[in-house]
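Trainee: Contents are PDB, C-alpha atoms, pLDDT in the B column; file name final-v1.pdb:
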ATOM      1  CA  MET A   1     118.101 -95.529  59.544  1.00 43.00           C
ATOM      2  CA  GLU A   2     121.132 -93.439  58.625  1.00 43.00           C
ATOM      3  CA  ARG A   3     122.153 -95.917  55.874  1.00 40.00           C
ATOM      4  CA  THR A   4     118.646 -95.846  54.425  1.00 35.00           C
ATOM      5  CA  PHE A   5     118.740 -92.043  54.351  1.00 33.00           C
ATOM      6  CA  LEU A   6     122.164 -92.024  52.678  1.00 32.00           C
ATOM      7  CA  ALA A   7     121.017 -94.581  50.102  1.00 35.00           C
ATOM      8  CA  ILE A   8     117.951 -92.480  49.278  1.00 35.00           C
ATOM      9  CA  LEU A   9     120.106 -89.359  49.094  1.00 33.00           C
ATOM     10  CA  ALA A  10     122.571 -91.075  46.736  1.00 35.00           C
ATOM     11  CA  LEU A  11     119.765 -92.371  44.505  1.00 34.00           C
ATOM     12  CA  THR A  12     118.156 -88.933  44.365  1.00 35.00           C
ATOM     13  CA  ALA A  13     121.469 -87.249  43.534  1.00 37.00           C
ATOM     14  CA  SER A  14     122.241 -89.715  40.759  1.00 35.00           C
ATOM     15  CA  THR A  15     118.764 -89.289  39.308  1.00 35.00           C
ATOM     16  CA  PHE A  16     119.077 -85.515  39.102  1.00 39.00           C
ATOM     17  CA  SER A  17     122.749 -85.341  38.121  1.00 39.00           C
ATOM     18  CA  GLY A  18     122.219 -87.508  35.055  1.00 43.00           C
ATOM     19  CA  ALA A  19     119.021 -85.754  34.011  1.00 49.00           C
ATOM     20  CA  ALA A  20     120.466 -84.201  30.879  1.00 65.00           C
ATOM     21  CA  GLU A  21     123.751 -83.810  29.087  1.00 89.00           C
ATOM     22  CA  GLU A  22     124.753 -80.995  26.819  1.00 94.00           C
ATOM     23  CA  ILE A  23     124.026 -81.698  23.168  1.00 96.00           C
ATOM     24  CA  ALA A  24     127.114 -81.239  20.985  1.00 95.00           C
ATOM     25  CA  PRO A  25     126.828 -78.895  17.989  1.00 95.00           C
ATOM     26  CA  THR A  26     127.173 -81.855  15.620  1.00 94.00           C
ATOM     27  CA  ALA A  27     124.354 -83.774  17.379  1.00 96.00           C
ATOM     28  CA  VAL A  28     121.659 -81.069  17.294  1.00 97.00           C
ATOM     29  CA  VAL A  29     118.484 -82.292  15.593  1.00 97.00           C
ATOM     30  CA  TYR A  30     116.703 -79.709  13.451  1.00 97.00           C
ATOM     31  CA  VAL A  31     113.115 -80.235  12.300  1.00 97.00           C
ATOM     32  CA  ASP A  32     112.105 -77.583   9.765  1.00 96.00           C
ATOM     33  CA  GLY A  33     114.717 -75.325  11.364  1.00 96.00           C
ATOM     34  CA  SER A  34     113.388 -75.811  14.909  1.00 97.00           C
ATOM     35  CA  VAL A  35     115.245 -77.504  17.758  1.00 98.00           C
ATOM     36  CA  GLU A  36     112.684 -79.026  20.121  1.00 97.00           C
ATOM     37  CA  THR A  37     115.138 -80.323  22.718  1.00 96.00           C
ATOM     38  CA  SER A  38     117.004 -78.032  25.087  1.00 97.00           C
ATOM     39  CA  LEU A  39     120.720 -78.082  24.339  1.00 98.00           C
ATOM     40  CA  THR A  40     121.504 -78.374  28.046  1.00 97.00           C
ATOM     41  CA  GLY A  41     118.416 -79.629  29.847  1.00 95.00           C
ATOM     42  CA  THR A  42     118.689 -76.499  31.976  1.00 95.00           C
ATOM     43  CA  ALA A  43     116.322 -73.573  31.613  1.00 95.00           C
ATOM     44  CA  GLY A  44     117.851 -70.466  30.127  1.00 97.00           C
ATOM     45  CA  ASP A  45     118.320 -67.303  32.179  1.00 98.00           C
ATOM     46  CA  PRO A  46     116.629 -64.347  30.420  1.00 98.00           C
ATOM     47  CA  ALA A  47     118.778 -61.788  32.264  1.00 98.00           C
ATOM     48  CA  MET A  48     121.954 -63.528  31.121  1.00 98.00           C
ATOM     49  CA  GLY A  49     120.476 -63.851  27.618  1.00 98.00           C
ATOM     50  CA  ARG A  50     119.905 -60.095  27.550  1.00 98.00           C
ATOM     51  CA  GLU A  51     123.561 -59.571  28.487  1.00 97.00           C
ATOM     52  CA  ILE A  52     124.727 -61.940  25.735  1.00 97.00           C
ATOM     53  CA  ALA A  53     122.457 -60.343  23.110  1.00 97.00           C
ATOM     54  CA  GLY A  54     123.806 -56.878  23.843  1.00 96.00           C
ATOM     55  CA  ASN A  55     127.456 -57.776  24.437  1.00 95.00           C
ATOM     56  CA  LYS A  56     129.680 -57.039  21.449  1.00 91.00           C
ATOM     57  CA  SER A  57     132.075 -59.812  22.534  1.00 90.00           C
ATOM     58  CA  LEU A  58     129.382 -62.484  22.805  1.00 92.00           C
ATOM     59  CA  GLY A  59     126.116 -62.671  20.848  1.00 92.00           C
ATOM     60  CA  ASN A  60     126.158 -59.089  19.627  1.00 94.00           C
ATOM     61  CA  CYS A  61     122.599 -59.440  18.309  1.00 96.00           C
ATOM     62  CA  VAL A  62     122.294 -55.646  18.155  1.00 96.00           C
ATOM     63  CA  ALA A  63     124.895 -55.496  15.390  1.00 95.00           C
ATOM     64  CA  CYS A  64     122.154 -56.643  13.014  1.00 96.00           C
ATOM     65  CA  HIS A  65     118.880 -56.308  14.947  1.00 97.00           C
ATOM     66  CA  GLU A  66     117.006 -53.520  16.670  1.00 96.00           C
ATOM     67  CA  VAL A  67     115.755 -54.381  20.159  1.00 97.00           C
ATOM     68  CA  THR A  68     113.849 -51.716  22.077  1.00 97.00           C
ATOM     69  CA  ASP A  69     114.633 -53.470  25.375  1.00 97.00           C
ATOM     70  CA  LEU A  70     118.350 -53.000  24.617  1.00 97.00           C
ATOM     71  CA  ALA A  71     118.085 -49.253  23.999  1.00 96.00           C
ATOM     72  CA  ASP A  72     120.977 -48.792  26.465  1.00 95.00           C
ATOM     73  CA  VAL A  73     123.291 -50.551  23.980  1.00 95.00           C
ATOM     74  CA  PRO A  74     124.383 -48.209  21.157  1.00 94.00           C
ATOM     75  CA  PHE A  75     124.456 -48.814  17.411  1.00 93.00           C
ATOM     76  CA  HIS A  76     121.641 -51.218  16.595  1.00 95.00           C
ATOM     77  CA  GLY A  77     121.716 -52.672  13.114  1.00 95.00           C
ATOM     78  CA  GLU A  78     118.931 -52.937  10.581  1.00 94.00           C
ATOM     79  CA  ILE A  79     120.068 -55.961   8.536  1.00 94.00           C
ATOM     80  CA  GLY A  80     117.983 -58.474  10.489  1.00 94.00           C
ATOM     81  CA  PRO A  81     114.368 -58.185  11.591  1.00 95.00           C
ATOM     82  CA  MET A  82     113.450 -56.166  14.655  1.00 96.00           C
ATOM     83  CA  LEU A  83     113.433 -58.496  17.639  1.00 97.00           C
ATOM     84  CA  ASP A  84     110.610 -56.769  19.488  1.00 97.00           C
ATOM     85  CA  GLY A  85     107.840 -59.368  19.622  1.00 97.00           C
ATOM     86  CA  ALA A  86     110.182 -62.287  18.838  1.00 97.00           C
ATOM     87  CA  GLY A  87     108.546 -64.262  21.650  1.00 97.00           C
ATOM     88  CA  ASP A  88     105.190 -63.879  19.907  1.00 97.00           C
ATOM     89  CA  ARG A  89     106.434 -64.594  16.356  1.00 97.00           C
ATOM     90  CA  TRP A  90     108.427 -67.737  17.059  1.00 97.00           C
ATOM     91  CA  THR A  91     108.143 -70.674  19.455  1.00 98.00           C
ATOM     92  CA  GLU A  92     110.937 -71.535  21.851  1.00 98.00           C
ATOM     93  CA  ALA A  93     111.984 -74.401  19.553  1.00 98.00           C
ATOM     94  CA  GLU A  94     112.050 -72.076  16.542  1.00 98.00           C
ATOM     95  CA  LEU A  95     114.056 -69.471  18.456  1.00 98.00           C
ATOM     96  CA  ARG A  96     116.544 -72.160  19.541  1.00 98.00           C
ATOM     97  CA  GLY A  97     116.955 -73.284  15.928  1.00 98.00           C
ATOM     98  CA  ILE A  98     117.343 -69.731  14.651  1.00 98.00           C
ATOM     99  CA  VAL A  99     119.972 -68.793  17.240  1.00 98.00           C
ATOM    100  CA  ALA A 100     121.856 -72.085  16.881  1.00 97.00           C
ATOM    101  CA  ASN A 101     121.898 -72.040  13.064  1.00 96.00           C
ATOM    102  CA  ALA A 102     119.522 -69.647  11.309  1.00 96.00           C
ATOM    103  CA  LYS A 103     120.557 -70.907   7.883  1.00 95.00           C
ATOM    104  CA  ILE A 104     118.586 -74.112   8.409  1.00 95.00           C
ATOM    105  CA  MET A 105     115.290 -72.190   8.660  1.00 95.00           C
ATOM    106  CA  PHE A 106     116.284 -69.196   6.539  1.00 96.00           C
ATOM    107  CA  GLU A 107     118.678 -70.438   3.852  1.00 94.00           C
ATOM    108  CA  ASP A 108     119.780 -66.973   2.707  1.00 93.00           C
ATOM    109  CA  SER A 109     120.247 -65.585   6.220  1.00 93.00           C
ATOM    110  CA  MET A 110     123.357 -63.555   6.898  1.00 92.00           C
ATOM    111  CA  MET A 111     123.098 -64.436  10.588  1.00 94.00           C
ATOM    112  CA  PRO A 112     126.088 -66.341  11.949  1.00 91.00           C
ATOM    113  CA  SER A 113     125.530 -69.909  13.089  1.00 92.00           C
ATOM    114  CA  PHE A 114     126.156 -69.546  16.808  1.00 94.00           C
ATOM    115  CA  TYR A 115     126.175 -73.286  17.585  1.00 95.00           C
ATOM    116  CA  LYS A 116     127.963 -74.871  14.659  1.00 92.00           C
ATOM    117  CA  THR A 117     131.460 -76.288  14.321  1.00 87.00           C
ATOM    118  CA  GLU A 118     131.463 -78.006  10.922  1.00 85.00           C
ATOM    119  CA  GLY A 119     130.556 -77.373   7.334  1.00 81.00           C
ATOM    120  CA  PHE A 120     132.321 -74.109   6.682  1.00 69.00           C
ATOM    121  CA  ILE A 121     135.819 -72.800   6.088  1.00 65.00           C
ATOM    122  CA  ARG A 122     137.305 -71.239   9.174  1.00 62.00           C
ATOM    123  CA  PRO A 123     139.789 -68.383   8.966  1.00 65.00           C
ATOM    124  CA  GLY A 124     143.275 -68.872  10.307  1.00 69.00           C
ATOM    125  CA  ASN A 125     144.036 -69.389  13.975  1.00 68.00           C
ATOM    126  CA  ALA A 126     143.376 -65.894  15.351  1.00 65.00           C
ATOM    127  CA  TYR A 127     146.034 -63.512  14.054  1.00 68.00           C
ATOM    128  CA  THR A 128     148.933 -65.972  14.138  1.00 74.00           C
ATOM    129  CA  GLY A 129     149.195 -66.596  10.404  1.00 74.00           C
ATOM    130  CA  GLU A 130     148.703 -70.296  11.161  1.00 77.00           C
ATOM    131  CA  ALA A 131     145.995 -72.424   9.595  1.00 73.00           C
ATOM    132  CA  ALA A 132     142.900 -73.098  11.686  1.00 70.00           C
ATOM    133  CA  ASP A 133     143.013 -76.248  13.785  1.00 70.00           C
ATOM    134  CA  ASP A 134     140.348 -78.365  15.463  1.00 69.00           C
ATOM    135  CA  THR A 135     140.218 -76.258  18.629  1.00 70.00           C
ATOM    136  CA  PHE A 136     137.489 -73.958  17.330  1.00 75.00           C
ATOM    137  CA  GLY A 137     134.310 -74.275  19.302  1.00 84.00           C
ATOM    138  CA  PRO A 138     130.916 -72.766  18.558  1.00 91.00           C
ATOM    139  CA  LEU A 139     130.498 -68.999  18.870  1.00 91.00           C
ATOM    140  CA  LEU A 140     128.207 -69.481  21.894  1.00 95.00           C
ATOM    141  CA  THR A 141     128.007 -72.342  24.377  1.00 96.00           C
ATOM    142  CA  ALA A 142     124.900 -74.489  24.641  1.00 97.00           C
ATOM    143  CA  GLN A 143     123.898 -72.686  27.846  1.00 98.00           C
ATOM    144  CA  GLN A 144     124.419 -69.290  26.247  1.00 98.00           C
ATOM    145  CA  ILE A 145     122.098 -70.379  23.415  1.00 98.00           C
ATOM    146  CA  GLU A 146     119.485 -71.389  26.012  1.00 98.00           C
ATOM    147  CA  ASP A 147     119.930 -68.037  27.792  1.00 98.00           C
ATOM    148  CA  VAL A 148     119.443 -66.049  24.568  1.00 98.00           C
ATOM    149  CA  VAL A 149     116.382 -68.140  23.686  1.00 98.00           C
ATOM    150  CA  ALA A 150     114.926 -67.468  27.158  1.00 98.00           C
ATOM    151  CA  TYR A 151     115.521 -63.748  26.683  1.00 98.00           C
ATOM    152  CA  LEU A 152     114.047 -63.625  23.171  1.00 98.00           C
ATOM    153  CA  ALA A 153     110.981 -65.496  24.422  1.00 98.00           C
ATOM    154  CA  THR A 154     110.326 -62.603  26.837  1.00 98.00           C
ATOM    155  CA  LEU A 155     110.159 -60.082  23.983  1.00 97.00           C
ATOM    156  CA  LYS A 156     106.395 -59.835  23.486  1.00 95.00           C
ATOM    157  CA  GLU A 157     104.370 -57.194  21.669  1.00 88.00           C
TER     158      GLU A 157
END
Any chance you could put this one into structure tokens?

Mentor:
Amino acid sequence: MERTFLAILALTASTFSGAAEEIAPTAVVYVDGSVETSLTGTAGDPAMGREIAGNKSLGNCVACHEVTDLADVPFHGEIGPMLDGAGDRWTEAELRGIVANAKIMFEDSMMPSFYKTEGFIRPGNAYTGEAADDTFGPLLTAQQIEDVVAYLATLKE
């Protein structure tokens, strides 16, 4: 009986642990700018996404966008569209594509590609005077992208 229970427990754990792997920035599939598949297989956390969107050291969405829900964060920009109602204007897949790499959907966008590691010239390695190396990762992690997408999806008119 105990062995049967342990075998079932092990099978269940292996089924759930291998459910999804993080998609690398170079493996993201864009369809008309949208990314249908979650980058992590884990639902985003809207509260964490709100933190990332308003944090000047992370997403810093407010540098370019106005967001009424982030009124507690000073100095909203006006370069990008207002994000109020983003959850009504775009699907989750479209939001994921826009946050990961807006230039695929909006070619002339000034928005940084938050989940991209190739196809552009990187500045030097911080302030060392050394050339950039291969240690640069994306601006946001896959889970942070999912969190921001979850937050933006909550912004309804």

Trainee: Can you turn the PyMOL selection byres ((chain A and resi 78) around 8) into a concrete residue list for this file, as a list in words?

Mentor: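 With the PyMOL selection byres ((chain A and resi 78) around 8) on this model, the match is Cys64, His65, Glu66, His76, Gly77, Ile79, Gly80, Pro81 and Met82 of chain A.
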
Trainee: Any idea what the distance is between CA of Asn101 (chain A) and CA of Leu83 (chain A)?

Mentor: 16.6 Å

Trainee: Would you kindly identify which residues have an atom no farther than 12 Å from (114.9, -79.9, 15.0), using only C-alpha atoms and the file's own coordinates, and write them out as a list in words?

Mentor: Ala27, Val28, Val29, Tyr30, Val31, Asp32, Gly33, Ser34, Val35, Glu36, Thr37, Ser38, Leu39, Glu92, Ala93, Glu94, Leu95, Arg96, Gly97, Ile98, Ala100, Asn101, Ala102, Ile104 and Met105 of chain A

Trainee: Exactly which residues make up the result of the PyMOL selection byres ((chain A and resi 146) around 12) on this file, given as a PyMOL selection string?

Mentor: chain A and resi 22-23+35-50+52-53+92-93+95-100+114-115+140-145+147-153

Trainee: Only C-alpha atoms, please: the residues just picked out, written as a PDB file, in the coordinates of the input.

Mentor:
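Result file follows (selection33.pdb):
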ATOM      1  CA  GLU A  22     124.753 -80.995  26.819  1.00 94.00           C
ATOM      2  CA  ILE A  23     124.026 -81.698  23.168  1.00 96.00           C
ATOM      3  CA  VAL A  35     115.245 -77.504  17.758  1.00 98.00           C
ATOM      4  CA  GLU A  36     112.684 -79.026  20.121  1.00 97.00           C
ATOM      5  CA  THR A  37     115.138 -80.323  22.718  1.00 96.00           C
ATOM      6  CA  SER A  38     117.004 -78.032  25.087  1.00 97.00           C
ATOM      7  CA  LEU A  39     120.720 -78.082  24.339  1.00 98.00           C
ATOM      8  CA  THR A  40     121.504 -78.374  28.046  1.00 97.00           C
ATOM      9  CA  GLY A  41     118.416 -79.629  29.847  1.00 95.00           C
ATOM     10  CA  THR A  42     118.689 -76.499  31.976  1.00 95.00           C
ATOM     11  CA  ALA A  43     116.322 -73.573  31.613  1.00 95.00           C
ATOM     12  CA  GLY A  44     117.851 -70.466  30.127  1.00 97.00           C
ATOM     13  CA  ASP A  45     118.320 -67.303  32.179  1.00 98.00           C
ATOM     14  CA  PRO A  46     116.629 -64.347  30.420  1.00 98.00           C
ATOM     15  CA  ALA A  47     118.778 -61.788  32.264  1.00 98.00           C
ATOM     16  CA  MET A  48     121.954 -63.528  31.121  1.00 98.00           C
ATOM     17  CA  GLY A  49     120.476 -63.851  27.618  1.00 98.00           C
ATOM     18  CA  ARG A  50     119.905 -60.095  27.550  1.00 98.00           C
ATOM     19  CA  ILE A  52     124.727 -61.940  25.735  1.00 97.00           C
ATOM     20  CA  ALA A  53     122.457 -60.343  23.110  1.00 97.00           C
ATOM     21  CA  GLU A  92     110.937 -71.535  21.851  1.00 98.00           C
ATOM     22  CA  ALA A  93     111.984 -74.401  19.553  1.00 98.00           C
ATOM     23  CA  LEU A  95     114.056 -69.471  18.456  1.00 98.00           C
ATOM     24  CA  ARG A  96     116.544 -72.160  19.541  1.00 98.00           C
ATOM     25  CA  GLY A  97     116.955 -73.284  15.928  1.00 98.00           C
ATOM     26  CA  ILE A  98     117.343 -69.731  14.651  1.00 98.00           C
ATOM     27  CA  VAL A  99     119.972 -68.793  17.240  1.00 98.00           C
ATOM     28  CA  ALA A 100     121.856 -72.085  16.881  1.00 97.00           C
ATOM     29  CA  PHE A 114     126.156 -69.546  16.808  1.00 94.00           C
ATOM     30  CA  TYR A 115     126.175 -73.286  17.585  1.00 95.00           C
ATOM     31  CA  LEU A 140     128.207 -69.481  21.894  1.00 95.00           C
ATOM     32  CA  THR A 141     128.007 -72.342  24.377  1.00 96.00           C
ATOM     33  CA  ALA A 142     124.900 -74.489  24.641  1.00 97.00           C
ATOM     34  CA  GLN A 143     123.898 -72.686  27.846  1.00 98.00           C
ATOM     35  CA  GLN A 144     124.419 -69.290  26.247  1.00 98.00           C
ATOM     36  CA  ILE A 145     122.098 -70.379  23.415  1.00 98.00           C
ATOM     37  CA  ASP A 147     119.930 -68.037  27.792  1.00 98.00           C
ATOM     38  CA  VAL A 148     119.443 -66.049  24.568  1.00 98.00           C
ATOM     39  CA  VAL A 149     116.382 -68.140  23.686  1.00 98.00           C
ATOM     40  CA  ALA A 150     114.926 -67.468  27.158  1.00 98.00           C
ATOM     41  CA  TYR A 151     115.521 -63.748  26.683  1.00 98.00           C
ATOM     42  CA  LEU A 152     114.047 -63.625  23.171  1.00 98.00           C
ATOM     43  CA  ALA A 153     110.981 -65.496  24.422  1.00 98.00           C
TER      44      ALA A 153
END

Trainee: Quick check, in Å to one decimal: how far apart do CA of Thr117 (chain A) and CA of Pro25 (chain A) lie?

Mentor: 6.5 Å
